[in-house]
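J.: This is data37.tsv, which holds TSV, C-alpha atoms:
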```tsv
chain	number	residue	atom	x	y	z
A	25	MET	CA	47.34	57.29	-113.86
A	26	THR	CA	43.89	57.07	-112.38
A	27	PHE	CA	43.46	56.21	-108.72
A	28	SER	CA	41.98	52.87	-109.80
A	29	GLU	CA	45.10	52.00	-111.81
A	30	GLN	CA	47.38	52.86	-108.90
A	31	ILE	CA	45.35	50.83	-106.41
A	32	LEU	CA	45.21	47.77	-108.66
A	33	ASP	CA	48.93	47.97	-109.44
A	34	PHE	CA	49.63	48.23	-105.72
A	35	TYR	CA	47.62	45.15	-104.75
A	36	PHE	CA	48.47	42.98	-107.74
A	37	SER	CA	52.20	43.47	-107.12
A	38	MET	CA	51.99	42.30	-103.48
A	39	PRO	CA	54.53	39.59	-102.57
A	40	ARG	CA	52.91	36.25	-101.76
A	41	SER	CA	55.06	35.39	-98.74
A	42	LEU	CA	56.59	37.44	-95.96
A	43	PRO	CA	59.07	36.60	-93.18
A	44	LEU	CA	56.68	35.66	-90.38
A	45	PRO	CA	57.02	33.79	-87.08
A	46	ASN	CA	56.04	30.13	-87.01
A	47	GLY	CA	52.28	29.64	-87.00
A	48	VAL	CA	51.44	32.97	-88.66
A	49	GLU	CA	50.63	33.02	-92.37
A	50	THR	CA	49.35	35.52	-94.90
A	51	ILE	CA	45.98	35.58	-96.66
A	52	TYR	CA	46.72	36.13	-100.34
A	53	PRO	CA	43.66	36.58	-102.58
A	54	PHE	CA	45.28	38.48	-105.44
A	55	ASP	CA	46.12	35.52	-107.68
A	56	ASN	CA	42.50	34.32	-107.63
A	57	GLU	CA	40.86	35.05	-111.00
A	58	GLU	CA	37.49	35.94	-109.47
A	59	THR	CA	39.12	38.29	-106.95
A	60	GLN	CA	41.05	40.00	-109.74
A	61	ARG	CA	37.91	40.39	-111.85
A	62	VAL	CA	35.82	41.76	-108.97
A	63	MET	CA	38.56	44.16	-107.86
A	64	GLN	CA	38.99	45.49	-111.39
A	65	THR	CA	35.24	45.94	-111.75
A	66	PHE	CA	34.89	47.64	-108.37
A	67	PHE	CA	37.82	50.03	-108.58
A	68	ASN	CA	37.08	50.98	-112.18
A	69	LYS	CA	33.49	51.68	-111.16
A	70	TYR	CA	34.23	53.90	-108.16
A	71	TYR	CA	37.83	55.14	-108.51
A	72	ASN	CA	38.42	55.62	-112.24
A	73	ASP	CA	39.47	59.26	-111.82
A	74	THR	CA	42.17	61.41	-110.23
A	75	LYS	CA	40.10	62.96	-107.42
A	76	PRO	CA	41.79	63.19	-103.99
A	77	ARG	CA	40.50	60.86	-101.26
A	78	THR	CA	40.72	60.66	-97.50
A	79	TYR	CA	42.02	57.27	-96.36
A	80	LEU	CA	40.30	55.24	-93.68
A	81	ILE	CA	43.11	52.99	-92.45
A	82	GLY	CA	42.12	49.73	-90.79
A	83	ILE	CA	44.20	46.91	-89.32
A	84	ASN	CA	44.58	44.13	-91.91
A	85	PRO	CA	42.15	42.22	-94.16
A	86	GLY	CA	40.01	39.50	-92.59
A	87	ARG	CA	39.45	36.01	-93.95
A	88	LEU	CA	35.71	36.49	-94.56
A	89	GLY	CA	35.78	40.00	-96.06
A	90	SER	CA	38.55	41.75	-97.95
A	91	GLY	CA	40.80	38.71	-97.47
A	92	ILE	CA	38.54	37.14	-100.11
A	93	THR	CA	37.29	40.08	-102.16
A	94	GLY	CA	40.40	42.27	-102.09
A	95	ILE	CA	38.20	45.28	-101.30
A	96	GLY	CA	38.25	47.00	-97.91
A	97	PHE	CA	35.26	46.25	-95.67
A	98	ALA	CA	33.41	44.50	-98.49
A	99	ASP	CA	32.20	40.90	-98.59
A	100	GLY	CA	30.63	38.99	-101.45
A	101	TYR	CA	27.08	39.71	-100.29
A	102	HIS	CA	27.44	43.48	-100.11
A	103	LEU	CA	29.35	43.67	-103.39
A	104	GLU	CA	26.50	41.91	-105.16
A	105	GLU	CA	23.53	43.48	-103.35
A	106	TYR	CA	24.81	47.05	-102.92
A	107	CYS	CA	27.44	47.54	-105.64
A	108	ASP	CA	25.69	45.45	-108.31
A	109	ILE	CA	28.86	43.42	-108.83
A	110	ALA	CA	27.84	39.79	-109.30
A	111	ASN	CA	30.37	37.34	-107.89
A	112	SER	CA	30.83	33.69	-106.95
A	113	PHE	CA	32.07	34.40	-103.41
A	114	ASP	CA	30.38	32.98	-100.33
A	115	LYS	CA	27.48	35.32	-99.49
A	116	ARG	CA	27.93	35.04	-95.73
A	117	VAL	CA	27.65	38.54	-94.25
A	118	GLU	CA	30.80	39.81	-92.53
A	119	ILE	CA	29.75	42.02	-89.61
A	120	SER	CA	32.33	44.77	-90.17
A	121	ALA	CA	31.19	45.04	-93.79
A	122	ALA	CA	27.55	45.20	-92.67
A	123	PHE	CA	28.29	48.16	-90.40
A	124	MET	CA	30.42	50.00	-92.95
A	125	PHE	CA	27.78	49.68	-95.65
A	126	GLU	CA	25.23	51.17	-93.25
A	127	VAL	CA	27.65	54.04	-92.65
A	128	MET	CA	28.10	54.55	-96.39
A	129	GLU	CA	24.37	54.54	-97.00
A	130	ALA	CA	23.90	57.09	-94.20
A	131	TYR	CA	26.62	59.25	-95.76
A	132	GLY	CA	24.62	59.55	-98.96
A	133	GLY	CA	25.24	56.29	-100.78
A	134	LEU	CA	28.19	54.38	-102.11
A	135	GLU	CA	29.06	56.63	-105.04
A	136	THR	CA	29.11	59.71	-102.81
A	137	PHE	CA	31.20	57.93	-100.19
A	138	TYR	CA	33.76	56.42	-102.55
A	139	LYS	CA	34.27	59.80	-104.24
A	140	ASP	CA	35.52	61.14	-100.91
A	141	PHE	CA	37.07	58.13	-99.15
A	142	PHE	CA	39.18	55.03	-99.66
A	143	PHE	CA	39.45	52.03	-97.32
A	144	THR	CA	42.93	50.66	-96.79
A	145	THR	CA	44.88	48.97	-93.99
A	146	VAL	CA	48.16	49.30	-92.11
A	147	MET	CA	49.05	45.75	-93.15
A	148	PRO	CA	47.77	45.16	-96.70
A	149	LEU	CA	47.72	41.36	-96.47
A	150	GLY	CA	45.49	39.48	-94.07
A	151	LEU	CA	46.98	37.21	-91.43
A	152	LEU	CA	45.96	33.84	-90.01
A	153	LYS	CA	47.05	31.91	-86.96
A	154	ASN	CA	45.43	28.55	-86.21
A	155	ASN	CA	43.06	29.29	-89.12
A	156	LYS	CA	41.71	32.37	-87.33
A	157	ASN	CA	42.09	36.06	-88.14
A	158	TYR	CA	45.25	37.53	-86.65
A	159	ASN	CA	46.31	41.17	-86.35
A	160	TYR	CA	49.72	42.56	-87.23
A	161	TYR	CA	50.09	43.88	-83.66
A	162	ASP	CA	48.92	40.74	-81.82
A	163	ASP	CA	52.47	39.86	-80.81
A	164	LEU	CA	55.67	41.86	-80.91
A	165	GLU	CA	57.59	39.28	-82.96
A	166	THR	CA	55.00	39.42	-85.75
A	167	GLN	CA	54.85	43.21	-85.70
A	168	SER	CA	58.64	43.50	-85.80
A	169	ALA	CA	58.90	41.02	-88.68
A	170	LEU	CA	56.31	42.98	-90.67
A	171	GLU	CA	57.69	46.44	-89.88
A	172	PRO	CA	59.75	46.92	-93.08
A	173	PHE	CA	56.88	45.72	-95.28
A	174	ILE	CA	54.33	47.92	-93.50
A	175	GLU	CA	56.59	50.96	-93.76
A	176	GLU	CA	57.22	50.40	-97.47
A	177	THR	CA	53.58	49.79	-98.41
A	178	LEU	CA	51.99	52.46	-96.23
A	179	LEU	CA	54.41	55.11	-97.46
A	180	GLN	CA	53.79	53.92	-101.01
A	181	GLN	CA	50.03	54.41	-100.58
A	182	MET	CA	50.53	57.84	-99.07
A	183	SER	CA	52.68	58.78	-102.07
A	184	PHE	CA	49.74	58.39	-104.46
A	185	PRO	CA	48.84	61.86	-105.83
A	186	GLN	CA	45.24	61.33	-104.71
A	187	ALA	CA	46.13	60.62	-101.06
A	188	LYS	CA	45.01	63.39	-98.74
A	189	PRO	CA	47.34	63.92	-95.76
A	190	ASN	CA	44.48	63.90	-93.22
A	191	ILE	CA	43.62	60.29	-92.41
A	192	ILE	CA	41.07	58.41	-90.32
A	193	CYS	CA	42.24	55.46	-88.23
A	194	VAL	CA	39.73	52.61	-87.95
A	195	GLY	CA	40.25	51.26	-84.45
A	196	GLN	CA	40.76	53.23	-81.26
A	197	GLY	CA	43.31	50.98	-79.58
A	198	LYS	CA	46.53	49.45	-80.88
A	199	ASN	CA	45.97	50.45	-84.50
A	200	PHE	CA	45.69	54.11	-83.50
A	201	LYS	CA	48.76	53.82	-81.28
A	202	TYR	CA	50.73	52.29	-84.17
A	203	LEU	CA	49.71	54.96	-86.67
A	204	LYS	CA	50.62	57.75	-84.24
A	205	ALA	CA	54.08	56.24	-83.73
A	206	PHE	CA	54.43	55.71	-87.48
A	207	ASN	CA	53.66	59.36	-88.07
A	208	ASP	CA	56.08	60.48	-85.37
A	209	LYS	CA	58.78	58.71	-87.39
A	210	HIS	CA	57.75	59.48	-90.97
A	211	LYS	CA	55.73	62.72	-90.70
A	212	CYS	CA	53.41	61.62	-93.52
A	213	PHE	CA	50.01	62.57	-91.99
A	214	GLU	CA	48.94	66.11	-91.18
A	215	SER	CA	46.26	64.82	-88.84
A	216	ILE	CA	44.83	61.50	-87.60
A	217	GLU	CA	41.17	61.23	-86.66
A	218	VAL	CA	39.95	57.98	-85.13
A	219	VAL	CA	36.73	55.96	-85.23
A	220	PRO	CA	35.80	52.78	-83.35
A	221	HIS	CA	36.32	49.55	-85.24
A	222	PRO	CA	33.07	48.26	-86.78
A	223	ARG	CA	33.62	44.75	-85.39
A	224	TRP	CA	33.80	46.19	-81.86
A	225	VAL	CA	30.60	48.16	-82.46
A	226	MET	CA	28.74	45.14	-83.83
A	227	GLN	CA	29.98	42.77	-81.12
A	228	TYR	CA	29.72	44.98	-78.06
A	229	ARG	CA	27.60	48.05	-78.86
A	230	ARG	CA	25.09	46.82	-81.44
A	231	LYS	CA	22.12	48.31	-79.56
A	232	GLU	CA	23.83	51.71	-79.82
A	233	LYS	CA	24.79	51.24	-83.48
A	234	GLN	CA	23.13	54.45	-84.65
A	235	LYS	CA	25.20	56.46	-82.18
A	236	TYR	CA	28.38	55.12	-83.75
A	237	ILE	CA	27.13	55.66	-87.30
A	238	ASP	CA	26.51	59.28	-86.32
A	239	ALA	CA	30.01	59.46	-84.83
A	240	TYR	CA	31.48	58.28	-88.13
A	241	LEU	CA	29.49	60.90	-90.03
A	242	GLU	CA	30.71	63.62	-87.69
A	243	ILE	CA	34.33	62.61	-88.29
A	244	PHE	CA	33.75	62.54	-92.06
A	245	LYS	CA	32.36	66.07	-91.91
A	246	ARG	CA	35.32	67.24	-89.84
A	247	VAL	CA	38.00	65.89	-92.20
A	248	LEU	CA	36.29	67.27	-95.29
A	249	ASP	CA	35.62	70.77	-93.91
```
Would you mind writing the file out in structure tokens?

T.:
Amino acid sequence: MTFSEQILDFYFSMPRSLPLPNGVETIYPFDNEETQRVMQTFFNKYYNDTKPRTYLIGINPGRLGSGITGIGFADGYHLEEYCDIANSFDKRVEISAAFMFEVMEAYGGLETFYKDFFFTTVMPLGLLKNNKNYNYYDDLETQSALEPFIEETLLQQMSFPQAKPNIICVGQGKNFKYLKAFNDKHKCFESIEVVPHPRWVMQYRRKEKQKYIDAYLEIFKRVLD
């Protein structure tokens, strides 16, 4: 199977509902016809091969980005303007996507980047609480409820033949802590590099954005050497 086929099978077989505490719900875009079409177009364009990739592992999809498109750190605007994939999604720019597309352009362009890397997340479904983005680690009850699902799906992704064992964690705080503990238990990563989350950069360090783009590029170089 190509990497594209494995990715699409993985996402399109996601369960719709999970055992979650009251007030927390999943974002489930995978039964939307436009999401399915865009995902198939995107992954067949960039991942229709068997080349190994380094995973960049984020937190969970957000409601304005991959929670709509099904594609990591990609909103409707960037898919249309940068990937030439026309779509009917809202073209509001999601700030994490904006930063990541700048990183990809600085790396040498989208085709070069996607040949080497794949964006995924610890928790493959987005979460909402009070109609706002919620993270899998935001409260212990939610994290504990999701633990079996996260273990199953993250190990499944690491079992793909194209998955390199050296990963990059997107997020220097709780996401990094979780992945380190996960690896202590499952021994599935040979190394974990870490980069700051793009939302943090864009919200709190936007004036220093180039410094963080350069930091990403340095990490990319290190994992590929």

J.: Write out as a PyMOL selection string each polymer residue whose atoms come within 7 Å of stretch 159-173 of chain A, counting only C-alpha atoms; drop sequence neighbours fewer than 2 positions from it.

T.: chain A and resi 43-45+83-84+147+151+157+175-177

J.: When you look at A:Tyr71 with a cut-off of 12 Å (counting only C-alpha atoms), what residues show up, excluding the ones that are within fewer than 2 positions of it in the same chain? I need them as a ChimeraX atom specification.

T.: /A:25-32,63-69,73-77,134-143,186

J.: Provide the atom CA of A:Tyr52 to atom CA of A:Thr145 distance in Å, to one decimal place.

T.: 14.4 Å

J.: Using atom CA of A:Asn199 and atom CA of A:Ile95 as the two end points, give the distance in Å to one decimal.

T.: 19.2 Å

J.: What is the atom CA of A:Met182-atom CA of A:Pro148 distance in Å, reported with one decimal?

T.: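 Separating atom CA of A:Met182 from atom CA of A:Pro148 is a distance of 13.2 Å.
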
J.: Which residue is closest to A:Asn155? Choose from A:Arg87, A:Arg246, A:Lys235, A:Lys201 and count only C-alpha atoms.

T.: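 Of all the options, A:Arg87 lies closest to A:Asn155.
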
J.: Is there a way to get, as a list in words, all residues within 8 Å of the point (31.2, 44.7, -87.2) in file coordinates, counting only C-alpha atoms?

T.: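 Output: Glu118, Ile119, Ser120, Ala121, Ala122, Phe123, Met124, His221, Pro222, Arg223, Trp224, Val225, Met226 and Gln227 of chain A.
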
J.: Of the candidates A:Phe34, A:Tyr106, A:Tyr79, A:Phe97, which shows the shortest atom-to-atom distance to A:Ile192, using only C-alpha atoms?

T.: A:Tyr79

J.: Please provide as a PyMOL selection string all residues within 9 Å of A:Thr59, with the sequence filter that same-chain residues fewer than 3 positions apart are discarded (counting all atoms listed in the file).

T.: chain A and resi 53-56+62-64+92-94+111+113

J.: For a quick check of understanding, using only C-alpha atoms, which of A:Gln234, A:Asn190, A:Gln181, A:Ser112 has the smallest distance to A:Arg61?

T.: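 For A:Arg61, the nearest of the candidates is A:Ser112.
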
J.: Let me have the centre and edge lengths of the axis-aligned box enclosing all listed atoms of stretch 210-228 of chain A with 3 Å padding on every side, in Å to one decimal, as AutoDock Vina command-line options.

T.:
```
--center_x 43.2 --center_y 54.4 --center_z -85.8 --size_x 35.0 --size_y 29.3 --size_z 21.5
```

J.: Name the residues in contact with A:His210 at a cut-off of 10 Å, using all atoms listed in the file, excluding same-chain residues fewer than 4 positions from it; report them as an NGL selection string.

T.: :A and (175 or 179 or 204-206)

J.: Which polymer residues have any atom within 8 Å of an atom of A:Gln196, counting only C-alpha atoms, with same-chain residues fewer than 3 positions away left out, as JSON, numbers by chain?

T.: {"A": [193, 199, 200, 218, 219, 220, 221]}

J.: Tell me which of A:Asn154, A:Val146, A:Gly133, A:Glu126 sits closest to A:Tyr236, counting only C-alpha atoms.

T.: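 Nearest to A:Tyr236: A:Glu126.
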
J.: Pick from A:Ile174, A:Leu248, A:Gly47, A:Lys188: nearest to A:Leu149, with only C-alpha atoms counted?

T.: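 For A:Leu149, the nearest of the candidates is A:Ile174.
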
J.: Could you check the closest approach to A:Gly82 for each of A:Val194, A:Cys107, A:Leu152, A:Pro185 and tell me which residue wins, using all atoms listed in the file?

T.: A:Val194

J.: Starting from the sparse input, extend stretch 97-126 of chain A to N, CA and C atoms and give the output as a PDB file, keeping the file's coordinate frame.

T.:
```pdb
ATOM      1  N   PHE A  97      36.566  46.309 -96.325  1.00  0.00           N
ATOM      2  CA  PHE A  97      35.260  46.250 -95.670  1.00  0.00           C
ATOM      3  C   PHE A  97      34.141  45.893 -96.648  1.00  0.00           C
ATOM      4  N   ALA A  98      34.423  44.948 -97.541  1.00  0.00           N
ATOM      5  CA  ALA A  98      33.410  44.500 -98.490  1.00  0.00           C
ATOM      6  C   ALA A  98      33.452  42.984 -98.612  1.00  0.00           C
ATOM      7  N   ASP A  99      32.312  42.344 -98.383  1.00  0.00           N
ATOM      8  CA  ASP A  99      32.200  40.900 -98.590  1.00  0.00           C
ATOM      9  C   ASP A  99      31.422  40.632 -99.871  1.00  0.00           C
ATOM     10  N   GLY A 100      31.302  39.350-100.213  1.00  0.00           N
ATOM     11  CA  GLY A 100      30.630  38.990-101.450  1.00  0.00           C
ATOM     12  C   GLY A 100      29.177  39.414-101.495  1.00  0.00           C
ATOM     13  N   TYR A 101      28.498  39.326-100.345  1.00  0.00           N
ATOM     14  CA  TYR A 101      27.080  39.710-100.290  1.00  0.00           C
ATOM     15  C   TYR A 101      26.892  41.192-100.599  1.00  0.00           C
ATOM     16  N   HIS A 102      27.627  42.041 -99.927  1.00  0.00           N
ATOM     17  CA  HIS A 102      27.440  43.480-100.110  1.00  0.00           C
ATOM     18  C   HIS A 102      27.893  43.945-101.499  1.00  0.00           C
ATOM     19  N   LEU A 103      28.931  43.315-102.042  1.00  0.00           N
ATOM     20  CA  LEU A 103      29.350  43.670-103.390  1.00  0.00           C
ATOM     21  C   LEU A 103      28.243  43.387-104.406  1.00  0.00           C
ATOM     22  N   GLU A 104      27.553  42.271-104.209  1.00  0.00           N
ATOM     23  CA  GLU A 104      26.500  41.910-105.160  1.00  0.00           C
ATOM     24  C   GLU A 104      25.228  42.719-104.921  1.00  0.00           C
ATOM     25  N   GLU A 105      24.820  42.863-103.656  1.00  0.00           N
ATOM     26  CA  GLU A 105      23.530  43.480-103.350  1.00  0.00           C
ATOM     27  C   GLU A 105      23.577  45.015-103.365  1.00  0.00           C
ATOM     28  N   TYR A 106      24.710  45.599-103.033  1.00  0.00           N
ATOM     29  CA  TYR A 106      24.810  47.050-102.920  1.00  0.00           C
ATOM     30  C   TYR A 106      25.596  47.686-104.074  1.00  0.00           C
ATOM     31  N   CYS A 107      26.601  46.982-104.572  1.00  0.00           N
ATOM     32  CA  CYS A 107      27.440  47.540-105.640  1.00  0.00           C
ATOM     33  C   CYS A 107      27.052  47.014-107.014  1.00  0.00           C
ATOM     34  N   ASP A 108      26.107  46.063-107.050  1.00  0.00           N
ATOM     35  CA  ASP A 108      25.690  45.450-108.310  1.00  0.00           C
ATOM     36  C   ASP A 108      26.853  44.782-109.033  1.00  0.00           C
ATOM     37  N   ILE A 109      27.742  44.170-108.248  1.00  0.00           N
ATOM     38  CA  ILE A 109      28.860  43.420-108.830  1.00  0.00           C
ATOM     39  C   ILE A 109      28.637  41.939-108.511  1.00  0.00           C
ATOM     40  N   ALA A 110      28.091  41.217-109.483  1.00  0.00           N
ATOM     41  CA  ALA A 110      27.840  39.790-109.300  1.00  0.00           C
ATOM     42  C   ALA A 110      29.168  39.074-109.065  1.00  0.00           C
ATOM     43  N   ASN A 111      29.149  38.068-108.189  1.00  0.00           N
ATOM     44  CA  ASN A 111      30.370  37.340-107.890  1.00  0.00           C
ATOM     45  C   ASN A 111      30.036  35.946-107.370  1.00  0.00           C
ATOM     46  N   SER A 112      31.025  35.076-107.387  1.00  0.00           N
ATOM     47  CA  SER A 112      30.830  33.690-106.950  1.00  0.00           C
ATOM     48  C   SER A 112      31.310  33.466-105.517  1.00  0.00           C
ATOM     49  N   PHE A 113      31.610  34.541-104.786  1.00  0.00           N
ATOM     50  CA  PHE A 113      32.070  34.400-103.410  1.00  0.00           C
ATOM     51  C   PHE A 113      30.941  33.920-102.496  1.00  0.00           C
ATOM     52  N   ASP A 114      31.326  33.329-101.382  1.00  0.00           N
ATOM     53  CA  ASP A 114      30.380  32.980-100.330  1.00  0.00           C
ATOM     54  C   ASP A 114      29.618  34.243 -99.921  1.00  0.00           C
ATOM     55  N   LYS A 115      28.304  34.139 -99.799  1.00  0.00           N
ATOM     56  CA  LYS A 115      27.480  35.320 -99.490  1.00  0.00           C
ATOM     57  C   LYS A 115      27.218  35.471 -97.985  1.00  0.00           C
ATOM     58  N   ARG A 116      28.040  34.833 -97.177  1.00  0.00           N
ATOM     59  CA  ARG A 116      27.930  35.040 -95.730  1.00  0.00           C
ATOM     60  C   ARG A 116      28.274  36.492 -95.394  1.00  0.00           C
ATOM     61  N   VAL A 117      27.455  37.125 -94.574  1.00  0.00           N
ATOM     62  CA  VAL A 117      27.650  38.540 -94.250  1.00  0.00           C
ATOM     63  C   VAL A 117      28.751  38.674 -93.187  1.00  0.00           C
ATOM     64  N   GLU A 118      29.734  39.499 -93.476  1.00  0.00           N
ATOM     65  CA  GLU A 118      30.800  39.810 -92.530  1.00  0.00           C
ATOM     66  C   GLU A 118      30.380  41.051 -91.742  1.00  0.00           C
ATOM     67  N   ILE A 119      30.414  40.987 -90.405  1.00  0.00           N
ATOM     68  CA  ILE A 119      29.750  42.020 -89.610  1.00  0.00           C
ATOM     69  C   ILE A 119      30.393  43.397 -89.753  1.00  0.00           C
ATOM     70  N   SER A 120      31.699  43.457 -89.954  1.00  0.00           N
ATOM     71  CA  SER A 120      32.330  44.770 -90.170  1.00  0.00           C
ATOM     72  C   SER A 120      31.849  45.382 -91.477  1.00  0.00           C
ATOM     73  N   ALA A 121      31.711  44.549 -92.511  1.00  0.00           N
ATOM     74  CA  ALA A 121      31.190  45.040 -93.790  1.00  0.00           C
ATOM     75  C   ALA A 121      29.764  45.541 -93.626  1.00  0.00           C
ATOM     76  N   ALA A 122      28.949  44.802 -92.874  1.00  0.00           N
ATOM     77  CA  ALA A 122      27.550  45.200 -92.670  1.00  0.00           C
ATOM     78  C   ALA A 122      27.476  46.592 -92.048  1.00  0.00           C
ATOM     79  N   PHE A 123      28.297  46.847 -91.042  1.00  0.00           N
ATOM     80  CA  PHE A 123      28.290  48.160 -90.400  1.00  0.00           C
ATOM     81  C   PHE A 123      28.771  49.242 -91.363  1.00  0.00           C
ATOM     82  N   MET A 124      29.873  48.980 -92.065  1.00  0.00           N
ATOM     83  CA  MET A 124      30.420  50.000 -92.950  1.00  0.00           C
ATOM     84  C   MET A 124      29.458  50.345 -94.082  1.00  0.00           C
ATOM     85  N   PHE A 125      28.728  49.355 -94.590  1.00  0.00           N
ATOM     86  CA  PHE A 125      27.780  49.680 -95.650  1.00  0.00           C
ATOM     87  C   PHE A 125      26.609  50.496 -95.114  1.00  0.00           C
ATOM     88  N   GLU A 126      26.232  50.294 -93.864  1.00  0.00           N
ATOM     89  CA  GLU A 126      25.230  51.170 -93.250  1.00  0.00           C
ATOM     90  C   GLU A 126      25.764  52.598 -93.130  1.00  0.00           C
TER      91      GLU A 126
END
```
